[in-house]
Amino acid sequence: MPHVIVEYTDNIKKEARIKSLLKKINESMIDSNGVFPVGGIRSRAIELNDYVVADGTEDDAFVHVALKIGAGRSEEDLKQACDKLFEVVKEHFADLYEKRTLALSMEIEEFSRPTYKQNNIHTRYKK
């Protein structure tokens with residue numbers, strides 16, 4: 001059930017190539033040696049129109065990636081996959097980061113309680 005939510009400020013919308021980023025995020029997760037089940041991966045983006053960065057006096061921007069996952073992965077596997085995922089985000093925004101003020105961040109929320117879900121997409125990936 002890995003879900004990725006990308007929040008980004010509207011002042012980078014034209015240059016951010018968000019759909020491309022979401023595709024790269026999914027590819028990174030799929031390419032993580034089974035850490036994330038392919039049929040459960042969801043990524044989406046939310047453009048933020050109302051925000052204040054720092055003291056609000058500049059045209060600062062940010063991108064925040066939230067990864068929500070169920071429990072059960074080893075720390076080593078999770079760290080390796082998340083390090084790789086954040087590298088994908090940093091590489092995607094490298095040019096923009098060089099041109100303007102931009103904060104990039106990522107958090108991982110691992111659910112300790114059971115999650116409720118129903119998903120028949122998994123059947124397509126079972127071998």
# chains A, B, ... in the order shown; residues from 1 in each chain; ligands from 1
call {"tool": "select_by_dssp", "arguments": {"residues": "range 62-107 of chain A", "states": "alpha helix (DSSP H)", "output": "list in words"}}
result
Glu75, Glu76, Asp77, Leu78, Lys79, Gln80, Ala81, Cys82, Asp83, Lys84, Leu85, Phe86, Glu87, Val88, Val89, Lys90, Glu91, His92, Ala94, Asp95, Leu96, Tyr97, Glu98 and Lys99 of chain A
call {"tool": "residues_around", "arguments": {"residues": "Thr123 in chain A", "least_positions_apart": "5", "cutoff": "12 Å", "atoms": "only C-alpha atoms", "output": "ChimeraX atom specification"}}
result
/A:37-40,118
call {"tool": "residues_around", "arguments": {"residues": "Lys99 in chain A", "least_positions_apart": "2", "cutoff": "12 Å", "atoms": "only C-alpha atoms", "output": "ChimeraX atom specification"}}
result
/A:12,15,60-61,93-97,101-102
call {"tool": "atom_distance", "arguments": {"atom1": "CA of Arg42 in chain A", "atom2": "CA of Ile30 in chain A"}}
result
11.1 Å
call {"tool": "select_by_dssp", "arguments": {"residues": "chain A", "states": "strand (DSSP E or B)", "output": "number ranges by chain"}}
result
A: 3-9, 42-48, 61-70, 102-111
call {"tool": "residues_around", "arguments": {"residues": "range 113-117 of chain A", "least_positions_apart": "3", "cutoff": "9 Å", "atoms": "only C-alpha atoms", "output": "ChimeraX atom specification"}}
result
/A:1,70-71
call {"tool": "atom_distance", "arguments": {"atom1": "CA of Val35 in chain A", "atom2": "CA of Asp77 in chain A"}}
result
6.7 Å
call {"tool": "closest_residue", "arguments": {"among": "A:Val88, A:Val6, A:Leu104, A:Leu48", "to": "Lys24 in chain A", "atoms": "only C-alpha atoms"}}
result
A:Val88
call {"tool": "closest_residue", "arguments": {"among": "A:Asp83, A:Glu75, A:Glu7, A:Glu27", "to": "Asp50 in chain A", "atoms": "only C-alpha atoms"}}
result
A:Glu7
call {"tool": "atom_distance", "arguments": {"atom1": "CA of Lys23 in chain A", "atom2": "CA of Ser43 in chain A"}}
result
8.3 Å
call {"tool": "residues_around", "arguments": {"residues": "Glu109 in chain A", "least_positions_apart": "2", "cutoff": "12 Å", "atoms": "only C-alpha atoms", "output": "VMD selection string"}}
result
chain A and resid 1 to 5 65 to 71 78 82 106 to 107 111 to 113
call {"tool": "closest_residue", "arguments": {"among": "A:Ala103, A:Val63, A:Ile121, A:Ile108", "to": "Thr9 in chain A", "atoms": "only C-alpha atoms"}}
result
A:Val63
call {"tool": "closest_residue", "arguments": {"among": "A:Arg73, A:Lys14, A:Lys19, A:Arg44", "to": "Ser32 in chain A", "atoms": "only C-alpha atoms"}}
result
A:Arg73
call {"tool": "closest_residue", "arguments": {"among": "A:Gln80, A:Asn11, A:Ser74, A:Asn49", "to": "Ser28 in chain A", "atoms": "only C-alpha atoms"}}
result
A:Gln80
